[in-house]
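Below: one structure, written as structure tokens.
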Amino acid sequence: VSFFILRDPSDLVFATENELSLIPFPVNEIFGNELPTFDIVIFQNFNFQPYGIFGFHLRSIRDYVLNDGGAFLMIGGNKSFDSGNYGSTPISEILPVELDYNNARTLGDTIKGEEVRPKLTEAGKNHPIMKIIPDREENEKQWNSMPPLEGFNMVEGLSPDAVPLLVSPEGEPIFAVSKAGAGKAATFLSDSSWRWNFVYGSEGEVSPLYEKFWNRLFLWLVNDPDLHD
């Protein structure tokens with residue numbers, strides 16, 4: 001289930017609700033009774049504040065991961081992590097990265113805009129998520145030759161239990177995962193992984209390597225036995 005929000009609560013609407021095809025974001029339904037039915041919750045460049053999402057909704061997601069064994073993934077952008085003011089929310093308690101609790105950083109302090117070519121960490125070289133090619137040496141070569149990302153979200157650092165799998169040349173986290181209570185969490189601190197789609201991908205098709213990376217991440221998050229080391 002994917003939600004693409006096309007209407008904010010602050011938008012001026014000159015019609016009654018029953019005449020609109022764009023329904024308000026169903027916050028209470030998603031973060032209430034329906035939450036346990038999801039295998040993974042993904043926030044992709046999502047700012048929760050304009051949509052009637054409050055602390056108790058975010059606590060539900062935290063508890064869904066910590067207590068119910070759910071999975072949570074946050075993907076970067078100018079509305080994610082510190083750019084989305086998540087540092088003082090319950091979401092920060094399950095992320096593999098540390099955020100600014102005081103939300104004191106400006107957008108210029110939270111996004112690094114220049115291109116970056118991530119590199120595998122030692123843990124990343126051995127982690128099943130990152131094995132998009134079976135042969136270890138070829139796999140490392142492929143990751144080293146991936147197109148650069150168009151910047152990334154900067155954070156305070158890694159959480160104590162986090163495992164960084166991709167970092168910048170300076171060692172800043174780009175992709176990290178962690179076990180969070182009974183569940184799992186992952187952070188991809190950029191919104192430009194789409195660039196990897198053009199590696200061995202023909203026009204109109206998804207690159208097998210790009211698709212394989214995301215598939216393996218989702219398999220890991222849900223503890224699928226088909227994800228082999």
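Just remember, in the structure tokens the first chain shown is A, the second B, etc., residues are 1-based per chain, and ligands are 1-based in the order shown.
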Contacts of Met154 (chain A) within 7 Å, only C-alpha atoms, excl. fewer than 4 positions in-chain, as a PyMOL selection string = chain A and resi 110-112
Limited to N, CA, C and O atoms, could you put the picked residues into a file as a PDB file, in the first residue's frame?
ATOM      1  N   THR A 110      21.704  20.057   7.518  1.00  0.00           N
ATOM      2  CA  THR A 110      21.197  18.690   7.548  1.00  0.00           C
ATOM      3  C   THR A 110      21.325  17.965   6.221  1.00  0.00           C
ATOM      4  O   THR A 110      21.163  16.752   6.162  1.00  0.00           O
ATOM      5  N   ILE A 111      21.604  18.696   5.146  1.00  0.00           N
ATOM      6  CA  ILE A 111      21.741  18.089   3.824  1.00  0.00           C
ATOM      7  C   ILE A 111      23.098  18.448   3.248  1.00  0.00           C
ATOM      8  O   ILE A 111      23.474  19.618   3.206  1.00  0.00           O
ATOM      9  N   LYS A 112      23.832  17.449   2.817  1.00  0.00           N
ATOM     10  CA  LYS A 112      25.080  17.697   2.080  1.00  0.00           C
ATOM     11  C   LYS A 112      24.750  17.555   0.603  1.00  0.00           C
ATOM     12  O   LYS A 112      24.361  16.480   0.132  1.00  0.00           O
TER      13      LYS A 112
END
Extract the full set of strand (DSSP E) residues from region 82-214 of chain A according to DSSP on the backbone, and format it as a ChimeraX atom specification.
-> /A:97-98,111-112,119-120,152-153,157-158,163-167,173-180,183-188
Contacts of region 177-189 of chain A at 8 Å or less, counting only C-alpha atoms, minus same-chain residues fewer than 2 places along, as a compact mmCIF listing (two decimals) with N, CA, C and O atoms, in the first residue's frame?
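Saved to out.txt:
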# COMPACT_ATOMS: atom_id res chain seq x y z
N VAL A 65 7.48 -1.59 16.10
CA VAL A 65 8.81 -2.16 15.84
C VAL A 65 9.36 -2.83 17.09
O VAL A 65 9.73 -4.02 17.07
N LEU A 66 9.42 -2.09 18.18
CA LEU A 66 10.09 -2.60 19.39
C LEU A 66 9.38 -3.80 20.01
O LEU A 66 10.03 -4.76 20.43
N ASN A 67 8.06 -3.74 20.05
CA ASN A 67 7.30 -4.76 20.79
C ASN A 67 6.67 -5.81 19.88
O ASN A 67 6.55 -6.98 20.28
N ASP A 68 6.26 -5.40 18.69
CA ASP A 68 5.52 -6.32 17.82
C ASP A 68 6.38 -6.95 16.74
O ASP A 68 5.87 -7.75 15.94
N GLY A 69 7.66 -6.58 16.68
CA GLY A 69 8.55 -7.19 15.68
C GLY A 69 8.37 -6.64 14.28
O GLY A 69 8.73 -7.30 13.30
N GLY A 70 7.82 -5.43 14.17
CA GLY A 70 7.66 -4.81 12.86
C GLY A 70 8.96 -4.26 12.31
O GLY A 70 10.02 -4.35 12.95
N ALA A 71 8.90 -3.70 11.11
CA ALA A 71 10.09 -3.16 10.45
C ALA A 71 9.79 -1.74 9.99
O ALA A 71 8.69 -1.43 9.55
N PHE A 72 10.82 -0.89 10.09
CA PHE A 72 10.66 0.51 9.71
C PHE A 72 11.86 0.93 8.87
O PHE A 72 13.01 0.62 9.18
N LEU A 73 11.58 1.66 7.79
CA LEU A 73 12.62 2.17 6.90
C LEU A 73 12.37 3.65 6.66
O LEU A 73 11.25 4.04 6.31
N MET A 74 13.40 4.46 6.87
CA MET A 74 13.33 5.87 6.51
C MET A 74 14.31 6.14 5.39
O MET A 74 15.49 5.78 5.48
N ILE A 75 13.81 6.78 4.32
CA ILE A 75 14.61 7.14 3.16
C ILE A 75 14.78 8.65 3.14
O ILE A 75 13.86 9.40 3.48
N GLY A 76 15.95 9.12 2.74
CA GLY A 76 16.33 10.51 2.88
C GLY A 76 15.62 11.48 1.96
O GLY A 76 14.79 11.13 1.13
N GLY A 77 16.00 12.74 2.13
CA GLY A 77 15.43 13.85 1.39
C GLY A 77 15.29 15.05 2.31
O GLY A 77 15.62 14.99 3.49
N ILE A 94 14.08 4.32 17.31
CA ILE A 94 14.26 3.05 16.59
C ILE A 94 15.20 3.17 15.40
O ILE A 94 15.56 2.16 14.80
N LEU A 95 15.62 4.38 15.06
CA LEU A 95 16.48 4.55 13.89
C LEU A 95 17.91 4.10 14.18
O LEU A 95 18.40 4.23 15.31
N PRO A 96 18.63 3.62 13.16
CA PRO A 96 20.04 3.27 13.33
C PRO A 96 20.97 4.47 13.41
O PRO A 96 22.17 4.30 13.57
N VAL A 97 20.43 5.68 13.27
CA VAL A 97 21.25 6.89 13.33
C VAL A 97 20.76 7.80 14.45
O VAL A 97 19.60 7.74 14.85
N PHE A 152 23.24 13.73 0.47
CA PHE A 152 22.67 12.85 1.48
C PHE A 152 22.36 13.65 2.74
O PHE A 152 22.84 14.77 2.94
N ASN A 153 21.55 13.06 3.59
CA ASN A 153 21.21 13.66 4.88
C ASN A 153 22.34 13.46 5.87
O ASN A 153 22.84 12.35 6.02
N MET A 154 22.71 14.52 6.55
CA MET A 154 23.72 14.43 7.60
C MET A 154 23.04 14.21 8.94
O MET A 154 21.96 14.78 9.21
N ASP A 161 23.62 0.29 18.40
CA ASP A 161 23.48 -1.05 17.82
C ASP A 161 23.47 -1.03 16.30
O ASP A 161 23.22 -2.07 15.67
N ALA A 162 23.74 0.10 15.69
CA ALA A 162 23.66 0.21 14.24
C ALA A 162 24.81 -0.49 13.54
O ALA A 162 25.93 -0.56 14.07
N VAL A 163 24.52 -0.98 12.36
CA VAL A 163 25.55 -1.57 11.49
C VAL A 163 25.59 -0.74 10.21
O VAL A 163 24.67 -0.82 9.39
N PRO A 164 26.63 0.07 10.02
CA PRO A 164 26.72 0.85 8.77
C PRO A 164 27.17 -0.06 7.63
O PRO A 164 28.13 -0.82 7.76
N LEU A 165 26.47 0.01 6.51
CA LEU A 165 26.79 -0.83 5.36
C LEU A 165 27.37 -0.03 4.20
O LEU A 165 28.17 -0.54 3.43
N PRO A 173 27.61 8.08 7.58
CA PRO A 173 26.69 7.00 7.22
C PRO A 173 25.79 7.37 6.05
O PRO A 173 25.25 8.48 5.98
N ILE A 174 25.64 6.43 5.14
CA ILE A 174 24.74 6.57 4.00
C ILE A 174 23.61 5.53 4.12
O ILE A 174 22.45 5.83 3.87
N PHE A 175 23.97 4.33 4.51
CA PHE A 175 22.99 3.25 4.65
C PHE A 175 23.37 2.44 5.88
O PHE A 175 24.49 1.95 5.99
N ASP A 191 17.93 10.51 -1.25
CA ASP A 191 16.73 10.28 -2.05
C ASP A 191 17.07 10.08 -3.52
O ASP A 191 16.23 10.25 -4.39
N LEU A 221 14.50 -7.12 6.33
CA LEU A 221 13.64 -6.45 7.30
C LEU A 221 12.54 -7.37 7.81
O LEU A 221 12.12 -7.27 8.97
Write out as a PyMOL selection string which residues come within 12 Å of Pro128 (chain A) when counting only C-alpha atoms, dropping same-chain ones fewer than 6 positions away.
-> chain A and resi 134+136+139+165+177+212-221+223-229
For the residues in the current selection, export N, CA and C atoms as a PDB file, in the first residue's frame.
ATOM      1  N   PRO A 134      26.848 -12.647  -6.429  1.00  0.00           N
ATOM      2  CA  PRO A 134      27.316 -13.699  -5.520  1.00  0.00           C
ATOM      3  C   PRO A 134      28.817 -13.676  -5.237  1.00  0.00           C
ATOM      4  N   ARG A 136      32.211 -12.432  -4.181  1.00  0.00           N
ATOM      5  CA  ARG A 136      32.569 -11.341  -3.275  1.00  0.00           C
ATOM      6  C   ARG A 136      33.375 -10.258  -3.983  1.00  0.00           C
ATOM      7  N   ASN A 139      31.284  -8.398  -6.491  1.00  0.00           N
ATOM      8  CA  ASN A 139      30.293  -7.599  -5.777  1.00  0.00           C
ATOM      9  C   ASN A 139      30.901  -6.282  -5.298  1.00  0.00           C
ATOM     10  N   LEU A 165      26.471   0.013   6.510  1.00  0.00           N
ATOM     11  CA  LEU A 165      26.791  -0.832   5.358  1.00  0.00           C
ATOM     12  C   LEU A 165      27.368  -0.026   4.198  1.00  0.00           C
ATOM     13  N   VAL A 177      21.665  -0.254   9.166  1.00  0.00           N
ATOM     14  CA  VAL A 177      20.566  -1.085   9.645  1.00  0.00           C
ATOM     15  C   VAL A 177      20.798  -1.396  11.112  1.00  0.00           C
ATOM     16  N   LYS A 212      17.546  -5.718  -7.075  1.00  0.00           N
ATOM     17  CA  LYS A 212      18.015  -6.745  -6.152  1.00  0.00           C
ATOM     18  C   LYS A 212      18.402  -6.150  -4.807  1.00  0.00           C
ATOM     19  N   PHE A 213      19.030  -4.984  -4.816  1.00  0.00           N
ATOM     20  CA  PHE A 213      19.399  -4.337  -3.557  1.00  0.00           C
ATOM     21  C   PHE A 213      18.162  -4.085  -2.700  1.00  0.00           C
ATOM     22  N   TRP A 214      17.138  -3.453  -3.273  1.00  0.00           N
ATOM     23  CA  TRP A 214      15.941  -3.138  -2.489  1.00  0.00           C
ATOM     24  C   TRP A 214      15.198  -4.400  -2.082  1.00  0.00           C
ATOM     25  N   ASN A 215      15.159  -5.391  -2.961  1.00  0.00           N
ATOM     26  CA  ASN A 215      14.507  -6.647  -2.595  1.00  0.00           C
ATOM     27  C   ASN A 215      15.197  -7.310  -1.414  1.00  0.00           C
ATOM     28  N   ARG A 216      16.519  -7.314  -1.431  1.00  0.00           N
ATOM     29  CA  ARG A 216      17.259  -7.954  -0.342  1.00  0.00           C
ATOM     30  C   ARG A 216      17.097  -7.182   0.966  1.00  0.00           C
ATOM     31  N   LEU A 217      17.008  -5.859   0.876  1.00  0.00           N
ATOM     32  CA  LEU A 217      16.747  -5.077   2.086  1.00  0.00           C
ATOM     33  C   LEU A 217      15.387  -5.441   2.671  1.00  0.00           C
ATOM     34  N   PHE A 218      14.359  -5.510   1.816  1.00  0.00           N
ATOM     35  CA  PHE A 218      13.025  -5.839   2.320  1.00  0.00           C
ATOM     36  C   PHE A 218      12.988  -7.254   2.897  1.00  0.00           C
ATOM     37  N   LEU A 219      13.665  -8.201   2.253  1.00  0.00           N
ATOM     38  CA  LEU A 219      13.726  -9.568   2.779  1.00  0.00           C
ATOM     39  C   LEU A 219      14.390  -9.599   4.147  1.00  0.00           C
ATOM     40  N   TRP A 220      15.446  -8.809   4.305  1.00  0.00           N
ATOM     41  CA  TRP A 220      16.127  -8.765   5.610  1.00  0.00           C
ATOM     42  C   TRP A 220      15.219  -8.162   6.670  1.00  0.00           C
ATOM     43  N   LEU A 221      14.504  -7.119   6.335  1.00  0.00           N
ATOM     44  CA  LEU A 221      13.644  -6.452   7.304  1.00  0.00           C
ATOM     45  C   LEU A 221      12.536  -7.369   7.813  1.00  0.00           C
ATOM     46  N   ASN A 223      12.758 -10.705   7.904  1.00  0.00           N
ATOM     47  CA  ASN A 223      13.328 -11.991   8.344  1.00  0.00           C
ATOM     48  C   ASN A 223      12.958 -13.134   7.402  1.00  0.00           C
ATOM     49  N   ASP A 224      12.970 -12.848   6.114  1.00  0.00           N
ATOM     50  CA  ASP A 224      12.602 -13.879   5.130  1.00  0.00           C
ATOM     51  C   ASP A 224      13.708 -14.914   5.032  1.00  0.00           C
ATOM     52  N   PRO A 225      13.369 -16.201   5.139  1.00  0.00           N
ATOM     53  CA  PRO A 225      14.403 -17.255   5.075  1.00  0.00           C
ATOM     54  C   PRO A 225      15.049 -17.377   3.708  1.00  0.00           C
ATOM     55  N   ASP A 226      14.455 -16.752   2.679  1.00  0.00           N
ATOM     56  CA  ASP A 226      15.056 -16.825   1.339  1.00  0.00           C
ATOM     57  C   ASP A 226      16.291 -15.940   1.195  1.00  0.00           C
ATOM     58  N   LEU A 227      16.549 -15.066   2.187  1.00  0.00           N
ATOM     59  CA  LEU A 227      17.742 -14.225   2.113  1.00  0.00           C
ATOM     60  C   LEU A 227      18.913 -15.015   2.663  1.00  0.00           C
ATOM     61  N   HIS A 228      19.773 -15.450   1.764  1.00  0.00           N
ATOM     62  CA  HIS A 228      20.906 -16.278   2.150  1.00  0.00           C
ATOM     63  C   HIS A 228      22.167 -15.417   2.256  1.00  0.00           C
ATOM     64  N   ASP A 229      23.046 -15.826   3.137  1.00  0.00           N
ATOM     65  CA  ASP A 229      24.340 -15.136   3.261  1.00  0.00           C
ATOM     66  C   ASP A 229      25.170 -15.364   2.007  1.00  0.00           C
TER      67      ASP A 229
END
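Secondary structure of region 21-66 of chain A, helix (DSSP H, G or I) only (DSSP, backbone atoms): Val27, Asn28, Glu29, Ile30, Phe31, Leu35, Pro36, Thr37, Gln49, Pro50, Tyr51, Gly55, Phe56, His57, Leu58, Arg59, Ser60, Ile61, Arg62, Asp63, Tyr64, Val65 and Leu66 of chain A.
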Which residue out of A:Asn45, A:Ser88, A:Asn103, A:Gln142 has the minimum interatomic distance to Val199 (chain A) when only C-alpha atoms are used?
->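 Smallest separation from Val199 (chain A) among the options: A:Gln142.
Distance annotation: of A:Asn102, A:Gln44, A:Asp109, A:Gly157, the residue with the minimal separation from Lys79 (chain A) is A:Gln44; atom set is only C-alpha atoms.
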Selected residue, from A:Ser60, A:Gln49, A:Ser168, A:Asn126, that lies nearest to Ile30 (chain A) when counting only C-alpha atoms = A:Ser60
Work out how far CA of Leu120 (chain A) is from CA of Tyr210 (chain A), in Å to one decimal.
->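 Between CA of Tyr210 (chain A) and CA of Leu120 (chain A) the gap works out to 15.5 Å.
In this comparison, which uses only C-alpha atoms, the residue of A:Phe25, A:Val155, A:Ser192, A:Thr121 approaching Gly87 (chain A) most closely is A:Val155.
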Between A:Glu98, A:Pro90, A:Val116, A:Ile53, which one has atoms that come closest to Pro26 (chain A), using only C-alpha atoms?
->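 Closest to Pro26 (chain A), using only C-alpha atoms: A:Ile53.
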For Arg195 (chain A), the closest of A:Arg62, A:His57, A:Lys141, A:Arg117 counting only C-alpha atoms is A:Arg117
